[in-house]
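target.txt (compact mmCIF, C-alpha atoms)
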# COMPACT_ATOMS: atom_id res chain seq x y z
CA MET A 8 0.00 0.00 0.00
CA HIS A 9 1.16 3.51 -0.71
CA ASP A 10 1.32 6.73 1.28
CA LEU A 11 -1.64 8.70 -0.13
CA SER A 12 -0.17 12.10 0.75
CA TYR A 13 3.12 11.24 -0.97
CA PHE A 14 1.22 9.92 -3.98
CA ARG A 15 -0.73 13.16 -4.39
CA GLN A 16 2.42 15.26 -4.21
CA ASN A 17 4.48 13.16 -6.64
CA LEU A 18 1.98 11.65 -9.09
CA ASP A 19 3.91 12.33 -12.29
CA GLN A 20 7.24 11.00 -10.97
CA ILE A 21 5.56 7.92 -9.51
CA ALA A 22 3.72 7.22 -12.75
CA ALA A 23 7.00 7.42 -14.69
CA ARG A 24 8.76 5.03 -12.31
CA LEU A 25 5.85 2.59 -12.37
CA ALA A 26 5.92 2.71 -16.17
CA ASP A 27 9.51 1.41 -15.93
CA ARG A 28 8.13 -1.77 -14.39
CA GLY A 29 5.44 -2.12 -17.05
CA PHE A 30 2.56 -0.74 -15.00
CA ARG A 31 0.31 1.87 -16.59
CA PHE A 32 -0.89 4.27 -13.91
CA ASP A 33 -4.03 6.11 -15.09
CA LEU A 34 -3.34 9.56 -13.66
CA ASP A 35 -6.58 11.10 -14.93
CA ALA A 36 -8.75 8.42 -13.34
CA PHE A 37 -6.80 8.66 -10.07
CA ARG A 38 -7.12 12.44 -9.93
CA GLU A 39 -10.82 12.33 -10.83
CA LEU A 40 -11.59 9.82 -8.06
CA ASP A 41 -9.49 11.77 -5.57
CA THR A 42 -11.30 15.00 -6.50
CA ARG A 43 -14.73 13.37 -6.03
CA ARG A 44 -13.64 11.96 -2.68
CA ARG A 45 -12.35 15.30 -1.44
CA ALA A 46 -15.48 17.13 -2.66
CA ALA A 47 -17.79 14.68 -0.89
CA LEU A 48 -15.76 14.92 2.32
CA THR A 49 -15.76 18.74 2.19
CA GLU A 50 -19.52 18.87 1.61
CA THR A 51 -20.12 16.41 4.43
CA GLU A 52 -17.98 18.34 6.91
CA THR A 53 -19.62 21.63 5.89
CA LEU A 54 -23.12 20.21 6.41
CA LYS A 55 -22.14 18.72 9.78
CA ALA A 56 -20.84 22.12 10.92
CA GLN A 57 -24.09 23.77 9.74
CA ARG A 58 -26.17 21.12 11.51
CA ASN A 59 -24.28 21.68 14.75
CA ALA A 60 -24.84 25.42 14.50
CA GLN A 61 -28.54 24.94 13.75
CA SER A 62 -28.92 22.53 16.66
CA MET A 63 -27.44 25.11 19.00
CA GLU A 64 -29.83 27.71 17.59
CA ILE A 65 -32.78 25.37 18.19
CA GLY A 66 -31.72 25.03 21.81
CA LYS A 67 -31.58 28.81 22.26
CA ARG A 68 -34.98 29.34 20.66
CA LYS A 69 -36.57 26.61 22.75
CA LYS A 70 -35.29 28.30 25.91
CA ALA A 71 -36.82 31.55 24.67
CA GLY A 72 -40.16 29.78 24.05
CA GLU A 73 -40.01 30.27 20.29
CA ASP A 74 -41.34 27.87 17.62
CA THR A 75 -38.52 25.70 16.21
CA GLU A 76 -40.47 23.30 14.01
CA ALA A 77 -39.25 24.77 10.70
CA LEU A 78 -35.65 24.83 11.92
CA GLN A 79 -35.90 21.24 13.15
CA ALA A 80 -37.18 20.19 9.73
CA GLU A 81 -34.11 21.81 8.16
CA VAL A 82 -31.82 19.93 10.56
CA ARG A 83 -33.55 16.62 9.79
CA ALA A 84 -33.10 17.25 6.05
CA MET A 85 -29.43 18.00 6.65
CA GLY A 86 -29.12 14.75 8.58
CA ASP A 87 -30.61 12.77 5.71
CA LYS A 88 -28.21 14.41 3.25
CA ILE A 89 -25.25 13.82 5.56
CA THR A 90 -26.17 10.13 5.82
CA ALA A 91 -26.32 9.86 2.02
CA LEU A 92 -23.00 11.69 1.64
CA ASP A 93 -21.34 9.51 4.29
CA GLU A 94 -22.38 6.44 2.32
CA GLN A 95 -21.05 8.04 -0.87
CA VAL A 96 -17.70 8.77 0.83
CA LYS A 97 -17.59 5.20 2.10
CA LEU A 98 -18.08 3.79 -1.40
CA ILE A 99 -15.50 6.16 -2.89
CA ASP A 100 -13.05 5.25 -0.11
CA GLU A 101 -13.50 1.53 -0.87
CA ASP A 102 -12.89 2.18 -4.57
CA PHE A 103 -9.90 4.36 -3.71
CA ARG A 104 -8.49 1.67 -1.40
CA LEU A 105 -8.87 -1.01 -4.08
CA GLN A 106 -7.10 1.20 -6.62
CA LEU A 107 -4.20 1.88 -4.24
CA ALA A 108 -3.98 -1.81 -3.34
CA SER A 109 -3.65 -2.76 -7.02
CA ILE A 110 -0.69 -0.45 -7.67
CA PRO A 111 2.72 -2.17 -7.31
CA ASN A 112 5.52 -0.82 -5.18
CA VAL A 113 7.69 1.96 -6.57
CA PRO A 114 11.19 0.66 -7.43
CA HIS A 115 14.10 1.95 -5.37
CA GLU A 116 16.27 4.48 -7.18
CA SER A 117 19.14 1.96 -7.41
CA VAL A 118 17.05 -0.53 -9.42
CA PRO A 119 17.92 -0.48 -13.15
CA ALA A 120 15.14 0.14 -15.65
CA GLY A 121 14.37 -2.83 -17.88
CA ARG A 122 11.63 -4.93 -19.44
CA ASP A 123 12.40 -8.49 -18.33
CA ALA A 124 15.04 -10.91 -17.04
CA ALA A 125 17.33 -10.11 -19.96
CA ASP A 126 17.86 -6.66 -18.43
CA ASN A 127 18.85 -7.89 -14.97
CA ALA A 128 22.35 -6.96 -13.79
CA GLU A 129 24.86 -9.55 -12.56
CA MET A 130 26.38 -8.21 -9.35
CA LYS A 131 28.51 -11.11 -8.19
CA ARG A 132 29.62 -14.61 -9.15
CA TRP A 133 30.97 -17.21 -6.71
CA GLY A 134 32.54 -20.59 -7.38
CA THR A 135 33.51 -22.36 -10.59
CA PRO A 136 31.32 -25.06 -12.10
CA ARG A 137 33.02 -28.42 -11.74
CA ALA A 138 34.54 -29.92 -14.87
CA MET A 139 33.01 -33.34 -15.50
CA ASP A 140 34.57 -35.95 -17.77
CA PHE A 141 31.13 -37.45 -18.43
CA ALA A 142 27.77 -36.12 -19.60
CA PRO A 143 26.03 -34.82 -16.45
CA LYS A 144 22.47 -35.97 -15.84
CA ALA A 145 19.52 -33.84 -14.78
CA HIS A 146 18.03 -34.51 -11.34
CA TRP A 147 14.88 -36.03 -12.83
CA ASP A 148 17.04 -38.89 -14.08
CA LEU A 149 19.50 -39.03 -11.17
CA GLY A 150 16.86 -39.17 -8.43
CA PRO A 151 14.78 -42.03 -9.86
CA ASP A 152 17.93 -43.96 -10.84
CA LEU A 153 19.09 -43.82 -7.22
CA GLY A 154 15.64 -44.77 -5.94
CA ILE A 155 15.34 -41.57 -3.87
CA LEU A 156 12.82 -39.64 -6.02
CA ASP A 157 9.52 -40.95 -7.37
CA PHE A 158 7.24 -38.96 -9.67
CA GLU A 159 4.92 -41.76 -10.79
CA ARG A 160 3.76 -42.70 -7.29
CA ALA A 161 3.32 -39.01 -6.41
CA ALA A 162 1.14 -38.54 -9.49
CA LYS A 163 -0.89 -41.60 -8.47
CA ILE A 164 -1.62 -40.35 -4.95
CA THR A 165 -2.03 -36.67 -5.85
CA GLY A 166 -1.31 -35.50 -9.39
CA ALA A 167 1.21 -33.71 -11.58
CA ARG A 168 3.90 -31.47 -10.05
CA PHE A 169 4.26 -33.46 -6.86
CA ALA A 170 7.12 -35.76 -5.80
CA VAL A 171 7.86 -38.47 -3.25
CA TYR A 172 11.32 -38.46 -1.65
CA ALA A 173 12.60 -41.74 -0.18
CA GLY A 174 15.54 -43.08 1.81
CA LEU A 175 18.54 -40.75 1.72
CA GLY A 176 16.55 -38.51 -0.62
CA ALA A 177 14.03 -37.79 2.14
CA LYS A 178 16.80 -37.54 4.71
CA LEU A 179 18.74 -35.11 2.49
CA GLU A 180 15.70 -32.80 2.42
CA ARG A 181 15.47 -32.91 6.22
CA ALA A 182 19.24 -32.46 6.58
CA LEU A 183 19.14 -29.33 4.42
CA ILE A 184 16.34 -27.81 6.50
CA ASN A 185 18.24 -28.42 9.75
CA PHE A 186 21.52 -27.19 8.28
CA MET A 187 19.94 -23.95 7.06
CA LEU A 188 18.09 -23.25 10.31
CA ASP A 189 21.21 -23.96 12.38
CA LEU A 190 23.36 -21.67 10.24
CA HIS A 191 20.92 -18.75 10.38
CA THR A 192 20.15 -19.03 14.09
CA ARG A 193 23.68 -19.80 15.32
CA GLU A 194 25.69 -17.47 13.07
CA HIS A 195 23.40 -14.89 11.43
CA GLY A 196 21.38 -13.66 14.40
CA TYR A 197 17.99 -15.08 13.42
CA THR A 198 15.32 -16.35 15.81
CA GLU A 199 13.53 -19.47 14.61
CA VAL A 200 9.72 -19.52 14.55
CA LEU A 201 7.32 -22.24 13.47
CA PRO A 202 4.16 -20.50 12.20
CA PRO A 203 0.83 -21.93 11.02
CA PHE A 204 0.84 -23.24 7.46
CA VAL A 205 -2.69 -21.87 6.93
CA VAL A 206 -3.51 -18.13 6.98
CA ASN A 207 -6.52 -15.85 6.59
CA SER A 208 -7.22 -13.34 3.82
CA ALA A 209 -6.07 -10.37 5.92
CA SER A 210 -2.61 -11.92 6.18
CA LEU A 211 -2.36 -12.43 2.41
CA PHE A 212 -3.53 -8.85 1.82
CA GLY A 213 -0.87 -7.59 4.23
CA THR A 214 2.01 -9.12 2.26
CA GLY A 215 0.51 -8.30 -1.14
CA GLN A 216 -0.71 -11.67 -2.46
CA LEU A 217 -4.36 -10.60 -2.28
CA PRO A 218 -6.33 -9.47 -4.11
CA LYS A 219 -4.12 -9.53 -7.20
CA PHE A 220 -2.67 -13.06 -7.03
CA ALA A 221 -5.57 -15.15 -5.71
CA GLU A 222 -5.35 -17.57 -8.65
CA ASP A 223 -1.81 -18.53 -7.61
CA LEU A 224 -3.01 -19.74 -4.21
CA PHE A 225 -4.86 -22.74 -2.77
CA LYS A 226 -7.99 -21.80 -0.77
CA LEU A 227 -9.69 -24.13 1.69
CA GLU A 228 -13.27 -24.45 0.46
CA GLY A 229 -15.97 -22.87 2.61
CA THR A 230 -13.50 -20.98 4.84
CA ASP A 231 -11.41 -17.82 4.94
CA TYR A 232 -8.30 -19.99 5.14
CA TRP A 233 -5.57 -20.36 2.53
CA LEU A 234 -2.51 -22.62 2.31
CA ILE A 235 0.61 -20.47 2.59
CA PRO A 236 2.61 -19.80 -0.61
CA THR A 237 5.67 -18.99 1.55
CA ALA A 238 6.55 -18.46 5.22
CA GLU A 239 6.82 -14.76 4.37
CA VAL A 240 3.05 -14.49 4.87
CA PRO A 241 2.56 -15.82 8.41
CA VAL A 242 5.90 -14.53 9.71
CA THR A 243 5.44 -10.97 8.41
CA ASN A 244 1.91 -10.91 9.83
CA LEU A 245 3.12 -11.83 13.30
CA PHE A 246 3.32 -8.08 13.91
CA ARG A 247 0.23 -7.02 11.94
CA ASP A 248 -1.52 -4.02 13.55
CA GLU A 249 1.29 -3.62 16.08
CA THR A 250 3.75 -0.83 16.87
CA LEU A 251 7.37 -1.92 17.33
CA GLU A 252 9.91 0.04 19.35
CA GLY A 253 12.64 1.47 17.16
CA ASP A 254 15.49 0.55 19.49
CA ALA A 255 14.38 -3.12 19.32
CA LEU A 256 14.89 -3.25 15.56
CA PRO A 257 16.01 -4.93 13.43
CA ILE A 258 14.09 -8.10 14.24
CA ARG A 259 15.35 -11.14 12.29
CA LEU A 260 13.16 -14.23 12.10
CA CYS A 261 13.59 -17.45 10.15
CA ALA A 262 11.11 -20.25 9.57
CA TYR A 263 10.88 -23.61 7.89
CA THR A 264 7.52 -24.32 6.24
CA PRO A 265 6.08 -26.26 3.36
CA CYS A 266 4.81 -23.92 0.63
CA PHE A 267 1.81 -24.40 -1.67
CA ARG A 268 1.33 -22.71 -5.03
CA SER A 269 -1.10 -23.38 -7.86
CA GLU A 270 1.46 -22.15 -10.43
CA ALA A 271 -1.44 -20.72 -12.42
CA GLY A 272 0.83 -18.33 -14.29
CA SER A 273 3.75 -20.66 -14.99
CA HIS A 274 2.42 -21.67 -18.45
CA GLY A 275 4.32 -24.92 -18.76
CA ARG A 276 7.66 -23.70 -17.43
CA ASP A 277 9.90 -26.22 -15.64
CA VAL A 278 7.38 -29.03 -15.96
CA ARG A 279 10.05 -31.72 -15.55
CA GLY A 280 11.56 -32.55 -12.20
CA ILE A 281 11.04 -30.63 -8.97
CA ILE A 282 12.07 -27.11 -9.97
CA ARG A 283 8.45 -25.86 -9.97
CA GLN A 284 6.11 -27.87 -7.73
CA HIS A 285 2.70 -27.31 -6.18
CA GLN A 286 4.22 -28.25 -2.79
CA PHE A 287 7.80 -27.62 -1.72
CA GLN A 288 9.84 -26.83 1.39
CA LYS A 289 11.61 -23.59 2.12
CA VAL A 290 13.56 -21.86 4.88
CA GLU A 291 12.56 -18.19 4.87
CA LEU A 292 14.35 -15.15 6.32
CA VAL A 293 12.20 -12.18 7.39
CA ASN A 294 13.44 -8.81 8.71
CA PHE A 295 11.63 -5.89 10.35
CA THR A 296 13.64 -2.67 10.38
CA ARG A 297 13.49 1.07 10.77
CA PRO A 298 13.37 2.89 7.40
CA ASP A 299 17.01 3.97 7.73
CA GLN A 300 18.14 0.34 8.23
CA SER A 301 16.46 -1.50 5.38
CA GLN A 302 18.93 -1.04 2.51
CA GLN A 303 21.81 -2.40 4.59
CA ALA A 304 19.50 -5.11 5.91
CA LEU A 305 18.90 -6.27 2.31
CA GLU A 306 22.65 -6.66 1.80
CA ASP A 307 22.99 -8.58 5.07
CA LEU A 308 19.99 -10.83 4.39
CA THR A 309 21.26 -11.66 0.91
CA ALA A 310 24.72 -12.45 2.28
CA SER A 311 23.14 -14.83 4.82
CA ALA A 312 21.41 -16.71 1.98
CA GLU A 313 24.65 -16.77 -0.01
CA GLN A 314 26.44 -18.37 2.93
CA VAL A 315 24.27 -21.47 2.57
CA LEU A 316 25.42 -21.91 -1.03
CA GLU A 317 29.04 -21.23 -0.18
CA ARG A 318 29.09 -23.68 2.75
CA LEU A 319 27.66 -26.31 0.41
CA GLY A 320 30.17 -25.48 -2.35
CA LEU A 321 27.50 -24.64 -4.93
CA PRO A 322 28.48 -22.11 -7.65
CA TYR A 323 26.04 -19.22 -7.94
CA ARG A 324 25.57 -15.68 -9.13
CA ARG A 325 23.74 -12.70 -7.62
CA MET A 326 21.42 -10.80 -9.96
CA LEU A 327 19.90 -7.37 -9.34
CA LEU A 328 16.43 -7.51 -10.86
CA CYS A 329 15.42 -4.73 -13.22
CA THR A 330 12.15 -2.84 -12.85
CA GLY A 331 10.29 -5.10 -15.29
CA ASP A 332 11.26 -8.35 -13.54
CA MET A 333 10.50 -7.41 -9.94
CA GLY A 334 7.71 -8.82 -7.79
CA PHE A 335 4.57 -6.75 -7.13
CA SER A 336 5.46 -5.74 -3.56
CA SER A 337 9.21 -5.30 -3.92
CA ALA A 338 11.17 -2.05 -4.02
CA LYS A 339 14.46 -3.87 -4.71
CA THR A 340 15.27 -7.54 -5.25
CA TYR A 341 18.38 -9.68 -5.59
CA ASP A 342 17.98 -13.16 -7.06
CA LEU A 343 20.54 -15.82 -6.25
CA GLU A 344 20.90 -18.30 -9.10
CA VAL A 345 22.64 -21.64 -8.56
CA TRP A 346 24.50 -23.51 -11.31
CA LEU A 347 22.79 -26.73 -12.41
CA PRO A 348 25.10 -28.80 -14.69
CA GLY A 349 22.32 -31.23 -15.63
CA LEU A 350 20.32 -28.32 -17.06
CA ASN A 351 23.48 -26.42 -18.12
CA GLU A 352 22.13 -23.14 -16.73
CA PHE A 353 21.78 -20.98 -13.65
CA LYS A 354 18.46 -21.32 -11.85
CA GLU A 355 16.92 -19.07 -9.18
CA ILE A 356 17.25 -20.55 -5.70
CA SER A 357 16.56 -17.46 -3.58
CA SER A 358 14.83 -14.13 -4.05
CA CYS A 359 15.79 -11.50 -1.46
CA SER A 360 13.66 -8.35 -1.37
CA ASN A 361 13.29 -5.05 0.42
CA PHE A 362 9.63 -4.04 0.45
CA GLU A 363 10.34 -0.80 2.30
CA ALA A 364 7.03 0.42 3.82
CA PHE A 365 4.77 -1.23 1.21
CA GLN A 366 3.80 -4.34 3.18
CA ALA A 367 3.91 -2.55 6.53
CA ARG A 368 1.28 -0.03 5.44
CA ARG A 369 -1.00 -2.80 4.21
CA ALA A 370 -0.48 -4.80 7.42
CA GLY A 371 -0.45 -1.88 9.86
CA ILE A 372 3.09 -2.57 11.14
CA ARG A 373 4.50 0.60 12.67
CA VAL A 374 7.73 1.62 14.36
CA ARG A 375 8.06 4.19 17.13
CA THR A 376 11.28 6.17 17.43
CA GLY A 377 11.07 8.79 20.15
CA LYS A 378 7.84 10.71 19.54
CA LYS A 379 7.71 9.73 15.86
CA THR A 380 5.63 6.78 14.63
CA GLU A 381 5.85 5.62 11.01
CA ALA A 382 5.50 2.50 8.88
CA ALA A 383 8.23 -0.06 9.48
CA HIS A 384 10.23 -1.59 6.63
CA THR A 385 9.98 -5.32 5.91
CA LEU A 386 12.30 -7.65 3.99
CA ASN A 387 12.42 -11.33 3.22
CA GLY A 388 14.31 -13.91 1.22
CA SER A 389 14.69 -17.64 0.80
CA GLY A 390 17.49 -19.01 2.87
CA LEU A 391 17.08 -21.27 0.83
CA ALA A 392 14.46 -23.03 -1.30
CA VAL A 393 15.11 -26.56 -0.02
CA GLY A 394 14.00 -28.55 -3.06
CA ARG A 395 16.12 -26.53 -5.45
CA THR A 396 19.11 -26.90 -3.12
CA TRP A 397 18.45 -30.68 -3.14
CA VAL A 398 18.51 -30.54 -6.96
CA ALA A 399 21.73 -28.50 -6.98
CA ILE A 400 23.51 -31.01 -4.73
CA LEU A 401 22.49 -33.98 -6.87
CA GLU A 402 23.54 -32.34 -10.11
CA ASN A 403 26.76 -30.69 -8.92
CA TYR A 404 28.02 -33.62 -6.83
CA GLN A 405 27.04 -36.46 -9.19
CA GLN A 406 29.73 -38.98 -10.12
CA ALA A 407 30.34 -40.98 -13.29
CA ASP A 408 28.95 -44.14 -11.64
CA GLY A 409 25.64 -42.41 -10.85
CA SER A 410 26.31 -41.92 -7.13
CA VAL A 411 26.27 -38.52 -5.43
CA VAL A 412 28.92 -37.26 -3.01
CA VAL A 413 27.43 -35.50 0.04
CA PRO A 414 28.90 -32.02 0.71
CA GLU A 415 31.11 -32.04 3.79
CA ALA A 416 28.91 -29.52 5.64
CA LEU A 417 25.93 -31.88 5.34
CA GLN A 418 27.60 -35.14 6.26
CA PRO A 419 26.98 -34.78 10.04
CA TYR A 420 23.29 -34.15 9.31
CA LEU A 421 22.89 -36.94 6.79
CA GLY A 422 25.12 -39.53 8.43
CA ALA A 423 26.51 -40.50 5.04
CA GLU A 424 29.28 -39.41 2.69
CA ARG A 425 27.70 -40.67 -0.51
CA ILE A 426 24.25 -41.47 -1.91
CA VAL A 427 24.25 -44.69 -3.88
CA LYS A 428 21.62 -46.68 -5.73
CA GLY A 429 19.28 -48.90 -3.76
CA VAL A 430 18.80 -46.85 -0.59
CA GLY A 431 15.25 -45.66 -1.33
CA LEU A 432 12.01 -47.08 -2.66
CA ARG A 433 12.25 -50.45 -4.39
Give the structure from this file in structure tokens form.
Amino acid sequence: MHDLSYFRQNLDQIAARLADRGFRFDLDAFRELDTRRRAALTETETLKAQRNAQSMEIGKRKKAGEDTEALQAEVRAMGDKITALDEQVKLIDEDFRLQLASIPNVPHESVPAGRDAADNAEMKRWGTPRAMDFAPKAHWDLGPDLGILDFERAAKITGARFAVYAGLGAKLERALINFMLDLHTREHGYTEVLPPFVVNSASLFGTGQLPKFAEDLFKLEGTDYWLIPTAEVPVTNLFRDETLEGDALPIRLCAYTPCFRSEAGSHGRDVRGIIRQHQFQKVELVNFTRPDQSQQALEDLTASAEQVLERLGLPYRRMLLCTGDMGFSSAKTYDLEVWLPGLNEFKEISSCSNFEAFQARRAGIRVRTGKKTEAAHTLNGSGLAVGRTWVAILENYQQADGSVVVPEALQPYLGAERIVKGVGLR
């Protein structure tokens, strides 16, 4: 949500910046609605002041024994008109609120203008892809060959875009979750939380998924409950409609949750394997900061996510997303893309974003510093997407004989140095 006062004062500049991200902001319609709203409010307040004055006059005349019937009729007529105008203002306010809620966040000044992913800027590259003296396989072949990944049985019990992990495949998923949570809580200053995996509509509105992205979500029929698309939603809403003390910020929280997405807009992308599933696991990092802290917090949060990849020895690059490739709520986003030799390309494994005050205004999250109270800033990022990290380990650590070496950092969690065929489903 946007600051209405700031919007009014900077409409042309905001419209130009939103155009950079492919959003057409209808200035004339916005100004017309705002003018009608202001006119209705002014008329209502004027009539209320007149009614108050007339009511006082009625009281005086009654004390003097004068007839007030005609004046009382005028006051009643004013009351009827005020009621009608109040309803008009309410309807205009609802329309105004819906319009504001449908406008994406304004990109930070450091975000490059661009149309799509081709215009993103590479900011950093870490690690060198391993030279293999054999043709590397993709994870959708490696996993089933090892008996640790099963698509057919998942499709039987549920449907497409689901997977069953087995044996060391299932244990590798669990090991990654524990490794990530331990790293972030022990070394990066995060507090672990375990939130509900089901949220209400107000929570999804607060983080920006509703109303615009309802088709991407799974709703529980006959309720106001939705399956979470990411831990960002419940964790950010922990402080909905609360005021945080400025000297207690930043607050850094991390959470493991399953995530559920309908993938309504994916249009056949990544249909093979487990890159894009309806259900997947993720460790999420969420920050609450004062406005003056959030840009540095984005750098720190992104570095925390990068540490997971570096500890696991997985080559990656950091991309600064251009205006046309950013998410709806984001003011600035870094994507971390891991190298997948089986696919012969970099693939997103974490998206780290600063939302500035956008989510906080929608969710009513405020910060008090001295006598000043203002919207807090919120940030989040994957630390990391567990399934995609699972894929990256299989593909980067695969051997010519089809086995997979376990990264040293994970060996204490997995209790094995290598994944070999025959340890999963038969």
Identify, on the basis of all atoms listed in the file, every residue whose closest approach to Arg324 (chain A) does not exceed 7 Å; exclude the query and any residue fewer than 4 positions from it along the same chain; express the result as a tab-separated table (two decimals) with C-alpha atoms, in the frame of the given file.
chain	number	residue	atom	x	y	z
A	131	LYS	CA	28.51	-11.11	-8.19
A	132	ARG	CA	29.62	-14.61	-9.15
A	133	TRP	CA	30.97	-17.21	-6.71
A	343	LEU	CA	20.54	-15.82	-6.25
A	344	GLU	CA	20.90	-18.30	-9.10
A	345	VAL	CA	22.64	-21.64	-8.56
Original post:
Looking at all atoms listed in the file, which of A:Arg160, A:His9, A:His384, A:Arg375 is the one that sits closest to Ala108 (chain A)?
Top reply: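 Among the listed residues, the smallest separation from Ala108 (chain A) belongs to A:His9.
Taking only C-alpha atoms into account, Gln286 (chain A) lies nearest to A:Ala167 out of the set A:Ala167, A:Pro419, A:Leu308, A:Ala138.
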Subject >> Shortest interatomic distance to Gln106 (chain A) - which of A:Val206, A:Ala56, A:Ala120, A:Leu34, counting all atoms listed in the file >> reply: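 Of A:Val206, A:Ala56, A:Ala120, A:Leu34, the one nearest Gln106 (chain A), counting all atoms listed in the file, is A:Leu34.
Using only C-alpha atoms, the nearest neighbour of Thr237 (chain A) within the list A:Tyr341, A:Phe141, A:Phe30, A:Phe287 is A:Phe287.
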Counting all atoms listed in the file, which residues of region 93-209 of chain A sit at most 9 Å from some atom of region 363-368 of chain A, and what is each one's closest atom pair with its distance in Å to one decimal, listed by chain and rising residue number, as a Markdown table?
| residue | atom | partner | partner_atom | distance |
| --- | --- | --- | --- | --- |
| A:Pro111 | CA | A:Phe365 | CA | 8.8 |
| A:Asn112 | CA | A:Phe365 | CA | 6.4 |
| A:Val113 | CA | A:Phe365 | CA | 8.9 |
| A:His115 | CA | A:Glu363 | CA | 9.0 |
Go ahead and write the residues just picked, C-alpha atoms, as a PDB file, keeping the file's coordinate frame.
ATOM      1  CA  PRO A 111       2.720  -2.170  -7.310  1.00  0.00           C
ATOM      2  CA  ASN A 112       5.520  -0.820  -5.180  1.00  0.00           C
ATOM      3  CA  VAL A 113       7.690   1.960  -6.570  1.00  0.00           C
ATOM      4  CA  HIS A 115      14.100   1.950  -5.370  1.00  0.00           C
TER       5      HIS A 115
END
Original post:
Around (9.3, -3.0, 4.6) in the file's frame, which residues reach within 10 Å when counting only C-alpha atoms? Return as a PyMOL selection string?
Top reply: chain A and resi 214+243+294-298+301+336-338+360-368+372+382-387
Subject >> One-decimal distance in Å that lies between CA of Arg58 (chain A) and CA of Gln95 (chain A) >> reply: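 For CA of Gln95 (chain A) relative to CA of Arg58 (chain A), the distance reads 18.7 Å.
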Original post:
What is the distance between CA of Val293 (chain A) and CA of Ser358 (chain A), in Å to one decimal?
Top reply: 11.9 Å
Subject >> Atomic distance CA of Ala47 (chain A) - CA of Phe103 (chain A), expressed in Å with one decimal >> reply: 13.3 Å
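Considering the residues A:Trp147, A:Thr51, A:Lys339, A:Ile65 and counting only C-alpha atoms, Glu159 (chain A) has its shortest atom-to-atom contact with A:Trp147.
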Subject >> Residue nearest Glu116 (chain A) among A:Tyr404, A:Pro348, A:Gln20, A:Arg369 (counting only C-alpha atoms) >> reply: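 The answer is A:Gln20, which sits nearest to Glu116 (chain A).
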Need the axis-aligned box for region 152-164 of chain A with 6 Å each side, so what are the centre and edges in Å to one decimal, as JSON?
{"center_x": 8.7, "center_y": -41.7, "center_z": -7.4, "size_x": 32.7, "size_y": 18.2, "size_z": 19.0}
**OP:** Fewer than 2 positions away in the same chain doesn't count, so skip those; otherwise give me all residues within 9 Å of region 326-329 of chain A, counting all atoms listed in the file, as a list in words.
**Re:**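 The residues that qualify are Asp27, Arg28, Pro114, Val118, Pro119, Ala120, Gly121, Arg122, Asp123, Ala124, Ala125, Asp126, Asn127, Ala128, Glu129, Met130, Lys131, Arg324, Gly331, Asp332, Met333, Lys339, Thr340, Tyr341, Asp342, Leu343 and Glu344 of chain A.
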**OP:** Find the residues with any atom within 10 Å of (29.6, -33.4, -9.2); use all atoms listed in the file and the coordinates as given in the file, and write the answer as a ChimeraX atom specification.
**Re:** /A:136-139,143,321,348-349,399-407,409-413
Subject >> Surrounding residues of Glu313 (chain A) excluding itself and chain neighbours under 6 positions, 9 Å, all atoms listed in the file, as an MDAnalysis selection string >> reply: chainID A and resid 323 325 343 357 390:391
Subject >> Residues within 10 Å of Val200 (chain A), only C-alpha atoms, excluding chain neighbours under 4 positions, as number ranges by chain >> reply: A: 238, 242, 260-264
Could the residues in this selection be saved with C-alpha atoms as a PDB file, in the coordinates of the input?
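Once written, out_23.pdb looks like this:
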ATOM      1  CA  ALA A 238       6.550 -18.460   5.220  1.00  0.00           C
ATOM      2  CA  VAL A 242       5.900 -14.530   9.710  1.00  0.00           C
ATOM      3  CA  LEU A 260      13.160 -14.230  12.100  1.00  0.00           C
ATOM      4  CA  CYS A 261      13.590 -17.450  10.150  1.00  0.00           C
ATOM      5  CA  ALA A 262      11.110 -20.250   9.570  1.00  0.00           C
ATOM      6  CA  TYR A 263      10.880 -23.610   7.890  1.00  0.00           C
ATOM      7  CA  THR A 264       7.520 -24.320   6.240  1.00  0.00           C
TER       8      THR A 264
END
Complete the atom set of region 366-372 of chain A to N, CA and C atoms and return it as a compact mmCIF listing (two decimals), keeping the file's coordinate frame.
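Result file is result11.txt:
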# COMPACT_ATOMS: atom_id res chain seq x y z
N GLN A 366 4.55 -3.33 2.44
CA GLN A 366 3.80 -4.34 3.18
C GLN A 366 3.36 -3.81 4.54
N ALA A 367 4.22 -3.04 5.19
CA ALA A 367 3.91 -2.55 6.53
C ALA A 367 2.67 -1.67 6.55
N ARG A 368 2.49 -0.86 5.51
CA ARG A 368 1.28 -0.03 5.44
C ARG A 368 0.04 -0.90 5.27
N ARG A 369 0.15 -1.91 4.42
CA ARG A 369 -1.00 -2.80 4.21
C ARG A 369 -1.33 -3.58 5.48
N ALA A 370 -0.29 -3.97 6.24
CA ALA A 370 -0.48 -4.80 7.42
C ALA A 370 -0.55 -4.01 8.71
N GLY A 371 -0.38 -2.70 8.65
CA GLY A 371 -0.45 -1.88 9.86
C GLY A 371 0.70 -2.12 10.82
N ILE A 372 1.91 -2.35 10.29
CA ILE A 372 3.09 -2.57 11.14
C ILE A 372 3.85 -1.25 11.25
